[in-house]
Every structure is written in structure tokens, then in C-alpha cells.
$ cat my_file_22.txt   # compact mmCIF, C-alpha atoms and all ligand atoms
# COMPACT_ATOMS: atom_id res chain seq x y z
CA MET N 180 -28.85 -6.68 23.50
CA ALA N 181 -30.70 -8.13 20.50
CA ILE N 182 -29.97 -5.05 18.39
CA ARG N 183 -26.25 -5.33 19.25
CA ASP N 184 -26.25 -8.91 18.00
CA ASP N 185 -28.05 -7.77 14.84
CA ILE N 186 -25.40 -5.13 14.21
CA LEU N 187 -22.59 -7.58 14.83
CA THR N 188 -24.16 -9.97 12.32
CA ALA N 189 -24.36 -7.13 9.76
CA VAL N 190 -20.72 -6.10 10.30
CA LEU N 191 -19.58 -9.74 9.97
CA GLU N 192 -21.57 -10.06 6.74
CA ALA N 193 -19.83 -6.95 5.33
CA LYS N 194 -16.47 -8.48 6.31
CA ARG N 195 -17.43 -11.73 4.59
CA LEU N 196 -18.18 -9.81 1.37
CA HIS N 197 -14.85 -7.97 1.60
CA ASN N 198 -13.10 -11.35 1.80
CA ARG N 199 -15.15 -12.76 -1.06
CA PHE N 200 -14.40 -9.76 -3.31
CA ASP N 201 -10.81 -9.42 -2.19
CA SER N 202 -11.44 -5.78 -1.28
CA LYS N 203 -8.10 -5.34 0.51
CA SER N 204 -6.04 -6.47 -2.50
CA ARG N 205 -8.11 -4.26 -4.76
CA ALA N 206 -7.45 -1.30 -2.47
CA ASP N 207 -3.71 -2.11 -2.64
CA LEU N 208 -3.97 -1.95 -6.43
CA GLY N 209 -5.38 1.58 -6.26
CA GLU N 210 -9.14 1.24 -5.82
CA GLY N 211 -9.96 3.93 -3.30
CA ARG N 212 -13.61 3.04 -2.86
CA ILE N 213 -15.37 -0.27 -2.25
CA ASP N 214 -16.99 -1.35 -5.51
CA VAL N 215 -20.53 -1.84 -4.17
CA PHE N 216 -22.11 -1.87 -7.65
CA GLY N 217 -19.53 -4.44 -8.79
CA MET N 218 -20.55 -6.62 -5.83
CA LEU N 219 -24.25 -6.41 -6.76
CA VAL N 220 -23.45 -7.22 -10.41
CA ASP N 221 -21.27 -10.15 -9.37
CA MET N 222 -24.00 -11.48 -7.08
CA ASP N 223 -26.39 -11.36 -10.02
CA ILE N 224 -28.71 -8.87 -8.34
CA PRO N 225 -30.16 -6.47 -10.94
CA VAL N 226 -29.64 -2.79 -10.03
CA LEU N 227 -32.12 -0.44 -11.62
CA PHE N 228 -31.69 3.35 -11.49
CA ARG N 229 -34.89 5.39 -11.54
CA PRO N 230 -35.77 9.04 -10.82
CA LEU N 231 -37.49 8.10 -7.53
CA LYS N 232 -39.15 11.07 -5.86
CA ASN N 233 -39.89 10.00 -2.32
CA LEU N 234 -37.49 7.11 -1.97
CA LEU N 235 -33.72 6.82 -2.08
CA GLY N 236 -33.96 3.17 -2.99
CA ALA N 237 -35.66 -0.15 -2.52
CA TYR N 238 -34.92 -3.84 -2.16
CA ILE N 239 -37.28 -6.30 -3.82
CA ASP N 240 -37.23 -9.97 -2.81
CA GLU N 241 -40.03 -11.45 -4.92
CA PRO N 242 -40.29 -13.01 -7.42
CA ASP N 243 -36.53 -12.39 -7.74
CA ARG N 244 -34.08 -10.23 -5.84
CA GLY N 245 -33.50 -6.73 -7.20
CA VAL N 246 -32.36 -3.29 -6.11
CA ILE N 247 -33.63 0.14 -7.18
CA VAL N 248 -31.59 3.31 -6.61
CA THR N 249 -32.59 6.92 -7.20
CA THR N 250 -30.98 8.98 -9.99
CA ARG N 251 -31.79 12.20 -8.13
CA ARG N 252 -28.80 12.13 -5.78
CA ARG N 253 -25.06 12.36 -6.21
CA LEU N 254 -22.84 9.30 -6.49
CA PRO N 255 -21.93 8.92 -2.76
CA VAL N 256 -25.64 8.77 -1.82
CA GLN N 257 -26.35 6.34 -4.69
CA ARG N 258 -23.48 4.20 -3.40
CA PHE N 259 -24.70 4.30 0.22
CA THR N 260 -28.25 3.46 -0.87
CA ALA N 261 -26.98 0.54 -2.96
CA ALA N 262 -24.91 -0.71 0.01
CA HIS N 263 -27.98 -0.44 2.30
CA GLU N 264 -30.08 -2.45 -0.19
CA LEU N 265 -27.24 -4.97 -0.61
CA GLY N 266 -27.40 -5.28 3.19
CA HIS N 267 -31.08 -6.25 3.01
CA ALA N 268 -30.22 -8.81 0.31
CA SER N 269 -27.20 -10.28 2.10
CA LEU N 270 -28.98 -10.49 5.46
CA GLY N 271 -31.98 -12.28 3.98
CA HIS N 272 -34.48 -9.48 4.67
CA LYS N 273 -37.88 -9.04 3.08
CA ALA N 274 -38.58 -6.19 0.62
CA SER N 275 -37.77 -2.70 1.89
CA PHE N 276 -38.62 0.77 0.58
CA ASP N 277 -36.14 3.27 1.89
CA LYS N 278 -36.64 6.99 2.40
CA LYS N 279 -33.98 9.54 3.18
CA GLN N 280 -34.06 8.64 6.89
CA ILE N 281 -31.49 5.93 6.10
CA LEU N 282 -28.97 8.75 5.76
CA THR N 283 -29.65 10.16 9.22
CA ARG N 284 -27.36 9.52 12.11
CA ALA N 285 -30.29 8.33 14.23
CA LEU N 286 -30.24 5.03 12.35
CA PHE N 287 -26.55 4.68 13.19
CA ASP N 288 -27.30 5.39 16.83
CA HIS N 289 -29.52 2.30 16.86
CA GLU N 290 -32.57 4.09 18.18
CA SER N 291 -35.28 1.68 19.21
CA ARG N 292 -37.99 3.54 17.27
CA PHE N 293 -36.53 2.17 14.03
CA ASP N 294 -37.15 -1.18 12.46
CA PRO N 295 -34.14 -3.34 13.51
CA ARG N 296 -33.74 -4.45 9.89
CA GLU N 297 -33.11 -0.84 8.86
CA VAL N 298 -30.56 -0.37 11.63
CA GLN N 299 -28.93 -3.62 10.50
CA ALA N 300 -28.86 -2.63 6.80
CA ASN N 301 -27.27 0.71 7.73
CA ALA N 302 -24.66 -0.93 9.95
CA PHE N 303 -23.88 -3.21 7.03
CA ALA N 304 -23.59 -0.26 4.59
CA ALA N 305 -21.22 1.66 6.89
CA ALA N 306 -19.07 -1.42 7.55
CA LEU N 307 -18.97 -2.18 3.82
CA LEU N 308 -18.13 1.31 2.48
CA SER N 309 -15.88 2.76 5.18
CA PRO N 310 -14.17 -0.06 7.10
CA PRO N 311 -11.34 1.06 9.44
CA TRP N 312 -8.74 -0.76 7.34
CA LEU N 313 -9.68 1.31 4.26
CA ILE N 314 -9.42 4.58 6.21
CA LYS N 315 -5.98 3.44 7.44
CA ARG N 316 -4.83 2.64 3.90
CA HIS N 317 -5.81 6.11 2.67
CA MET N 318 -4.05 7.73 5.64
CA GLU N 319 -0.87 5.77 4.89
CA ARG N 320 -0.98 6.55 1.18
CA GLN N 321 -1.57 10.28 1.76
CA GLY N 322 0.75 10.57 4.76
CA TRP N 323 -2.10 11.83 6.97
CA SER N 324 -1.68 11.55 10.74
CA ARG N 325 -4.51 11.33 13.28
CA ASN N 326 -4.09 15.06 13.92
CA ASP N 327 -4.70 15.73 10.23
CA LEU N 328 -8.15 14.13 10.58
CA ALA N 329 -9.29 17.24 12.51
CA ASP N 330 -8.91 19.21 9.25
CA PRO N 331 -12.20 19.33 7.27
CA VAL N 332 -10.24 19.57 4.00
CA VAL N 333 -8.48 16.26 4.78
CA VAL N 334 -11.79 14.61 5.73
CA TYR N 335 -13.35 15.95 2.53
CA GLN N 336 -10.50 14.52 0.42
CA LEU N 337 -10.78 11.19 2.28
CA SER N 338 -14.54 11.12 1.58
CA LEU N 339 -13.96 11.61 -2.17
CA ARG N 340 -11.44 8.78 -2.29
CA MET N 341 -13.74 6.41 -0.35
CA GLY N 342 -16.81 7.41 -2.38
CA THR N 343 -18.70 8.28 0.80
CA SER N 344 -20.42 11.54 1.72
CA TYR N 345 -18.62 14.03 3.98
CA SER N 346 -20.96 13.36 6.92
CA ALA N 347 -20.81 9.56 6.48
CA THR N 348 -17.00 9.88 6.54
CA CYS N 349 -17.20 11.89 9.80
CA HIS N 350 -19.41 9.15 11.33
CA ALA N 351 -16.96 6.46 10.19
CA LEU N 352 -13.97 8.33 11.65
CA PHE N 353 -15.74 8.73 14.99
CA ASP N 354 -16.88 5.10 15.04
CA CYS N 355 -13.35 3.78 14.49
CA LYS N 356 -12.00 6.26 17.09
CA GLY N 357 -9.99 8.13 14.44
CA VAL N 358 -11.35 11.36 15.95
CA ASP N 359 -12.74 12.16 19.42
CA ARG N 360 -16.25 13.49 20.03
CA PRO N 361 -15.40 17.25 20.14
CA THR N 362 -13.46 16.94 16.85
CA TYR N 363 -16.27 14.87 15.32
CA GLU N 364 -18.86 17.50 16.25
CA LYS N 365 -16.67 20.30 14.91
CA LEU N 366 -16.15 18.41 11.64
CA LEU N 367 -19.90 17.88 11.23
CA GLN N 368 -20.56 21.59 11.75
CA THR N 369 -18.21 22.27 8.84
CA SER N 370 -20.33 20.22 6.42
CA ASN N 371 -22.39 23.32 5.55
CA LYS N 372 -19.17 25.15 4.69
CA LYS N 373 -18.23 22.67 1.99
CA ARG N 374 -18.86 25.28 -0.67
CA LEU N 375 -16.27 27.56 0.92
CA ILE N 376 -13.78 24.68 1.13
CA LYS N 377 -14.28 23.93 -2.56
CA LYS N 378 -13.94 27.61 -3.48
CA THR N 379 -10.62 27.83 -1.61
CA LEU N 380 -9.32 24.62 -3.22
CA VAL N 381 -9.98 25.79 -6.80
CA ASP N 382 -8.60 29.30 -6.23
CA PRO N 383 -7.73 31.25 -8.42
CA TYR N 384 -10.15 29.53 -10.82
CA VAL N 385 -13.77 30.61 -10.45
CA PRO N 386 -16.06 27.89 -11.86
CA SER N 387 -19.56 28.77 -13.07
CA ASN N 388 -20.91 26.74 -10.13
CA LEU N 389 -19.57 24.59 -7.31
CA TYR N 390 -21.97 21.65 -7.54
CA GLY N 391 -19.14 19.28 -8.43
CA ASP N 392 -16.47 18.00 -6.05
CA VAL N 393 -12.89 19.23 -6.00
CA TRP N 394 -10.21 16.53 -5.96
CA VAL N 395 -6.72 17.60 -4.92
CA LEU N 396 -4.30 15.07 -6.39
CA THR N 397 -0.55 14.78 -5.85
CA GLU N 398 2.18 12.23 -6.60
CA ARG N 399 0.77 10.24 -3.67
CA ASP N 400 -2.25 9.39 -5.84
CA ASN N 401 -0.10 7.72 -8.50
CA GLY N 402 -1.80 4.46 -9.56
CA ALA N 403 -5.16 5.40 -8.00
CA SER N 404 -8.64 4.92 -9.42
CA ILE N 405 -10.66 8.11 -9.22
CA GLU N 406 -14.43 7.78 -9.43
CA GLY N 407 -16.47 10.96 -9.42
CA CYS N 408 -19.18 12.95 -11.13
CA HIS N 409 -19.48 14.67 -14.51
CA ASN N 410 -18.99 18.16 -13.05
CA ASP N 411 -16.05 17.47 -10.72
CA ILE N 412 -12.86 19.53 -10.74
CA LEU N 413 -9.30 18.22 -10.48
CA VAL N 414 -6.53 20.21 -8.83
CA ILE N 415 -3.22 18.50 -9.60
CA LYS N 416 -0.24 19.62 -7.52
CA VAL N 417 3.09 18.05 -8.38
CA HIS N 418 6.73 18.78 -7.66
CA GLU N 419 8.45 19.93 -10.88
CA HIS N 420 12.23 19.79 -11.37
CA SER N 421 12.25 22.82 -13.65
CA SER N 422 15.77 23.89 -12.62
CA SER N 423 16.98 20.70 -14.39
CA GLY N 424 14.78 21.41 -17.41
CA TYR N 425 11.97 18.99 -16.58
CA VAL N 426 8.35 19.82 -17.30
CA TRP N 427 5.21 17.82 -16.48
CA GLN N 428 3.11 16.91 -19.53
CA PHE N 429 -0.64 16.65 -18.97
CA ASP N 430 -1.78 15.99 -22.55
CA ASP N 431 -3.79 12.96 -21.43
CA LEU N 432 -6.29 15.15 -19.57
CA ALA N 433 -7.96 16.06 -22.87
CA LYS N 434 -8.28 12.33 -23.66
CA ALA N 435 -10.25 11.92 -20.43
CA GLY N 436 -12.60 14.76 -21.38
CA LEU N 437 -11.07 17.18 -18.87
CA LEU N 438 -10.62 20.83 -19.76
CA ILE N 439 -7.61 22.68 -18.34
CA ARG N 440 -8.71 25.91 -16.62
CA GLU N 441 -5.51 27.03 -14.87
CA ASP N 442 -1.86 26.09 -15.20
CA SER N 443 0.65 27.74 -12.88
CA ARG N 444 3.93 27.29 -11.03
CA ALA N 445 4.80 28.36 -7.52
CA SER N 446 8.09 28.06 -5.74
CA GLU N 447 8.85 27.27 -2.16
CA GLY N 448 12.19 28.40 -0.77
CA ASN N 449 15.08 29.91 -2.72
CA LEU N 450 15.41 28.18 -6.09
CA HIS N 451 19.17 28.83 -6.19
CA ILE N 452 19.70 26.77 -3.06
CA GLY N 453 17.46 23.88 -4.03
CA GLY N 454 14.00 25.37 -3.50
CA VAL N 455 11.07 23.40 -4.83
CA VAL N 456 8.78 24.32 -7.70
CA TYR N 457 5.20 23.10 -7.63
CA ARG N 458 3.15 22.84 -10.78
CA LYS N 459 -0.52 23.38 -10.18
CA LEU N 460 -3.09 22.47 -12.76
CA ILE N 461 -6.84 22.88 -12.49
CA ALA N 462 -9.02 20.85 -14.85
CA GLU N 463 -12.77 20.47 -15.07
CA ALA N 464 -14.61 17.28 -16.01
CA LYS N 465 -17.12 17.75 -18.76
CA GLY N 466 -18.73 14.33 -18.77
CA SER N 467 -16.34 11.48 -19.41
CA GLY N 468 -16.27 7.73 -19.24
CA THR N 469 -13.56 5.55 -17.79
CA CYS N 470 -10.12 6.47 -19.00
CA ARG N 471 -6.53 5.73 -17.98
CA VAL N 472 -4.34 8.82 -18.07
CA SER N 473 -0.61 9.05 -17.79
CA PHE N 474 1.29 12.24 -16.89
CA ARG N 475 5.04 12.39 -17.45
CA GLU N 476 7.76 14.70 -16.17
CA ILE N 477 10.19 14.97 -19.07
CA ARG N 478 12.71 17.27 -20.71
CA PRO N 479 10.76 18.57 -23.74
CA TRP N 480 13.78 18.13 -26.02
CA GLN N 481 14.06 14.47 -24.94
CA ALA N 482 10.35 13.63 -25.29
CA SER N 483 11.00 10.02 -26.28
CA GLY N 484 13.34 9.38 -23.34
CA ALA N 485 12.37 7.88 -20.00
CA PRO N 486 10.47 10.35 -17.82
CA LEU N 487 12.00 11.52 -14.55
CA ASN N 488 8.64 10.88 -12.86
CA SER N 489 5.28 9.69 -14.02
CA MET N 490 1.79 9.52 -12.61
CA ASN N 491 -0.97 7.18 -13.77
CA LEU N 492 -4.62 7.48 -12.87
CA ASP N 493 -7.76 5.60 -13.80
CA ILE N 494 -10.39 8.29 -14.08
CA ASP N 495 -14.14 7.80 -14.26
CA PHE N 496 -16.14 11.01 -13.99
CA SER N 497 -19.34 9.61 -15.46
CA GLY N 498 -21.33 9.71 -12.19
CA PRO N 499 -23.96 9.89 -10.91
CA LEU N 500 -25.52 6.79 -12.50
CA THR N 501 -28.44 7.56 -14.80
CA SER N 502 -31.80 5.86 -15.48
CA GLY N 503 -31.79 2.22 -16.53
CA LEU N 504 -30.05 -0.94 -15.48
CA HIS N 505 -26.48 -0.68 -14.18
CA PRO N 506 -24.29 -0.19 -17.31
CA VAL N 507 -22.53 -3.55 -16.89
CA GLN N 508 -25.85 -5.39 -16.58
CA ARG N 509 -27.32 -3.41 -19.52
CA GLU N 510 -24.37 -4.44 -21.69
CA ALA N 511 -24.70 -8.08 -20.64
CA LEU N 512 -28.38 -8.02 -21.58
CA LEU N 513 -27.60 -6.56 -25.01
CA GLU N 514 -25.04 -9.28 -25.64
CA VAL N 515 -27.67 -11.92 -24.98
CA ALA N 516 -30.24 -10.21 -27.21
ZN ZN N 601 -33.83 -0.37 4.22
$ encode --input "my_file_22.txt" --output "C-alpha cells" --more "lines below"
Ligand SMILES: [Zn+2]
Amino acid sequence: MAIRDDILTAVLEAKRLHNRFDSKSRADLGEGRIDVFGMLVDMDIPVLFRPLKNLLGAYIDEPDRGVIVTTRRRLPVQRFTAAHELGHASLGHKASFDKKQILTRALFDHESRFDPREVQANAFAAALLSPPWLIKRHMERQGWSRNDLADPVVVYQLSLRMGTSYSATCHALFDCKGVDRPTYEKLLQTSNKKRLIKKTLVDPYVPSNLYGDVWVLTERDNGASIEGCHNDILVIKVHEHSSSGYVWQFDDLAKAGLLIREDSRASEGNLHIGGVVYRKLIAEAKGSGTCRVSFREIRPWQASGAPLNSMNLDIDFSGPLTSGLHPVQREALLEVA
């Protein structure tokens, strides 16, 4: 019973932070993931990134509060670790040094062999990063139904947008009853086939490796903030009105440090009776900072005219975070110096 109360307290604390940081309004404005680092910065808790070997992260409570996160993992794990440490801070815990067991499901299952504070910090992290309302918002935006959640590709795309790992996203979907147990177990089994999923998504492009994630973006992502890693790949699929002379312009990709690898068109249905042409573009991130890009569907001979359609994205493919203080805190320190 006590552990249930602890978990409830943790979930309520995550909700309190969402209210304080206006997370729902920010999601409405296009932020797909909960800005856990922004929360730590705003709460004046220093976040230090270090190449920790045996730890994912730590929370320090004396003499001042501080959080350490490993640089040896990808962004979703850095984000989960930071959320777990923020949990320790928000729940008034003592210092904690966290190994990779915080990523295991056992801690979510509230097993009694674990320190209740760790169970509580994990419950907080899950409630903070993948609340049911955020999952619902992504489903509405993408037009995904509950049935679609049985598709590992959909769950993978949801995980990228929420900035959570594939398995953490499966746990969150099961916990909010988005999927039943058989579907949940099937989805988890697919996690070791992620490479194959990525390979299929980037087809016909063959990247030199598939370490990065593959984002499939459509018109439904217009206005979204995309936060990924320096080796991620974008697959942009948009409807192109080429029979009326319109062409999508993707010049801004270069501005964001993205290299175009494939550019093709495919039609669906008979073009003479109103069939649809899809433009498919594959671009690879080669290390880039935050950048706003704007794609426009225009008639090339009327380049200065109003576009038929446009798509704006805020792209940040600078992850994972590297050694040192969080960039915002580093900059603030330099301003003081
Ligand atoms: Zn911990």
C-alpha cells in the first residue's frame, strides 16, 4: 500500500510540474516532447554531462542540488535519466547514484526488492515524459487510431516525437491502456528488429550505418519541433500537386545542415482522373544546431507568389548532449564571467 501512495505522490508531482511549465500549451504549439532539460534549467538545478562508465546519472543534494547525466547514451536515455534525477530533486530525496537498472521494467513493476525512492523516481520520470494526454495529442495530430498502435512503425514514430525510447513508449502505451497485454508483448519483441524497421523506412537509400533514427514526416508535422541526434535521417513524404505545376521546394534543408540523399516522386491512382503524386525526400543530418526550416509548394515560375502549401519545422539534431554543463547553463555562466 505504501508503495502505491509513493507512486501516486510521484505522478502528482509530475502533473504539478506540467502545470507549472504549461506543458499542454507548449505541446499545442508544436513541442512533441516534454522539455525536461528546460525544466531543470528553469528550476536552477545545474545539469552536468559526463562520460560516466558505470552510471547513467546521479542526483546530488549537498551542498547544493545538481544532476549528472552520462554522455555515453543516446538522447532518449539522457532525457529519461534527467527526468529520473529531476524526480529525486522534486520529491525531496537524498543523493542517488543510478545504474542502468533504472531503465528496466522491473522498476516500473514496483518490485519490493528495489529502494522505494527509485521506484518513485521512475514513476515520476514516466509520468513526466509520456503522460497519456501527450500520447493522445500525437495520435490526434497524426491521425493514428488505437488499432494503429499495434504497428511497431507507428510506436517507433511516436517514440521519436515524444523523445522517449521505443521500449519506454511501449510501457507507457500499456500503462495508459492504449494497447492490451498481447499487443504490448508483441511490440516489445519487435524492439530488436528496429534496425530492419529503419532500413525499410529509408529504402531505397542505403546509409553507411543505421545508428541514427529515421523520422518519417508529412504535412501532419507542420509546425512541429523535431529534436533528435546528429546522425538521424529524415524521410519527408508530402502530397505534390504537380499536375497543376506545383513543386515542393526544400532548399532550407541545407540551412539546417541536412544533406539530401534521395528525391523521388510516386503516384497513387490514375493521374488523369485526379490521382495523387507524393514527393519523397530523404535527408541525413550531419550535425546541426537548432534551425527553423520552411518548405513551400510553389509554381517555379511564380516563386515570389504565395505558396499553395507550406510546412515549417523547428529542427534540432544536435543530440546527444556532450560533456559539460547544459548548453543554456554554460552560456549563462559565460555571460556572468
Ligand atoms: Zn535514482
$ residues_around --input "my_file_22.txt" --residues "Val385 in chain N" --least-positions-apart "5" --cutoff "10 Å" --atoms "all atoms listed in the file" --output "JSON, numbers by chain"
{"N": [378, 379, 440]}
$ atom_distance --input "my_file_22.txt" --atom1 "CA of Glu241 in chain N" --atom2 "CA of Arg253 in chain N"
28.2 Å
$ residues_around --input "my_file_22.txt" --residues "range 313-321 of chain N" --least-positions-apart "4" --cutoff "12 Å" --atoms "only C-alpha atoms" --output "ChimeraX atom specification"
/N:197,202-213,305-309,325-328,333-334,336-343,348-349,351-357,395-403
$ residues_near_ligand --input "my_file_22.txt" --ligand "ligand ZN 601 (chain N)" --cutoff "10 Å" --atoms "only C-alpha atoms and all ligand atoms" --output "PyMOL selection string"
chain N and resi 235-238+260-268+272-281+294-301
$ residues_around --input "my_file_22.txt" --residues "Thr469 in chain N" --least-positions-apart "6" --cutoff "10 Å" --atoms "all atoms listed in the file" --output "mmCIF file with C-alpha atoms, in the coordinates of the input"
data_model
loop_
_atom_site.group_PDB
_atom_site.id
_atom_site.type_symbol
_atom_site.label_atom_id
_atom_site.label_comp_id
_atom_site.auth_asym_id
_atom_site.auth_seq_id
_atom_site.Cartn_x
_atom_site.Cartn_y
_atom_site.Cartn_z
ATOM 1 C CA SER N 404 -8.640 4.920 -9.420
ATOM 2 C CA ILE N 405 -10.660 8.110 -9.220
ATOM 3 C CA GLU N 406 -14.430 7.780 -9.430
ATOM 4 C CA ALA N 435 -10.250 11.920 -20.430
ATOM 5 C CA GLY N 436 -12.600 14.760 -21.380
ATOM 6 C CA ASP N 493 -7.760 5.600 -13.800
ATOM 7 C CA ILE N 494 -10.390 8.290 -14.080
ATOM 8 C CA ASP N 495 -14.140 7.800 -14.260
ATOM 9 C CA PHE N 496 -16.140 11.010 -13.990
ATOM 10 C CA SER N 497 -19.340 9.610 -15.460
#
$ atom_distance --input "my_file_22.txt" --atom1 "CA of Arg374 in chain N" --atom2 "CA of Lys465 in chain N"
19.7 Å
$ closest_residue --input "my_file_22.txt" --among "N:Tyr363, N:Phe474, N:Trp394, N:Phe259" --to "Ala433 in chain N" --atoms "all atoms listed in the file"
N:Phe474
$ atom_distance --input "my_file_22.txt" --atom1 "CA of Ile415 in chain N" --atom2 "CA of Leu460 in chain N"
5.1 Å
$ closest_residue --input "my_file_22.txt" --among "N:Val393, N:Val215, N:Val248, N:Ala193" --to "Asn233 in chain N" --atoms "all atoms listed in the file"
N:Val248
$ axis_aligned_box --input "my_file_22.txt" --around "range 491-502 of chain N" --padding-each-side "5 Å" --output "lines of an AutoDock Vina configuration file"
center_x = -16.4
center_y = 8.3
center_z = -13.2
size_x = 40.8
size_y = 15.4
size_z = 14.6
$ closest_residue --input "my_file_22.txt" --among "N:Asp201, N:Asp359, N:Glu463, N:Asp442" --to "Val417 in chain N" --atoms "only C-alpha atoms"
N:Asp442
$ closest_residue --input "my_file_22.txt" --among "N:Gly407, N:Pro242, N:Pro311, N:Pro331" --to "Leu500 in chain N" --atoms "only C-alpha atoms"
N:Gly407
$ residues_around --input "my_file_22.txt" --residues "Ser502 in chain N" --least-positions-apart "2" --cutoff "9 Å" --atoms "all atoms listed in the file" --output "PyMOL selection string"
chain N and resi 227-230+249-250+500+504-505
$ residues_around --input "my_file_22.txt" --residues "Val426 in chain N" --least-positions-apart "4" --cutoff "9 Å" --atoms "all atoms listed in the file" --output "ChimeraX atom specification"
/N:419-421,458,475-479
$ closest_residue --input "my_file_22.txt" --among "N:Ala462, N:Ser422, N:Gly271, N:Val456" --to "Ile439 in chain N" --atoms "only C-alpha atoms"
N:Ala462
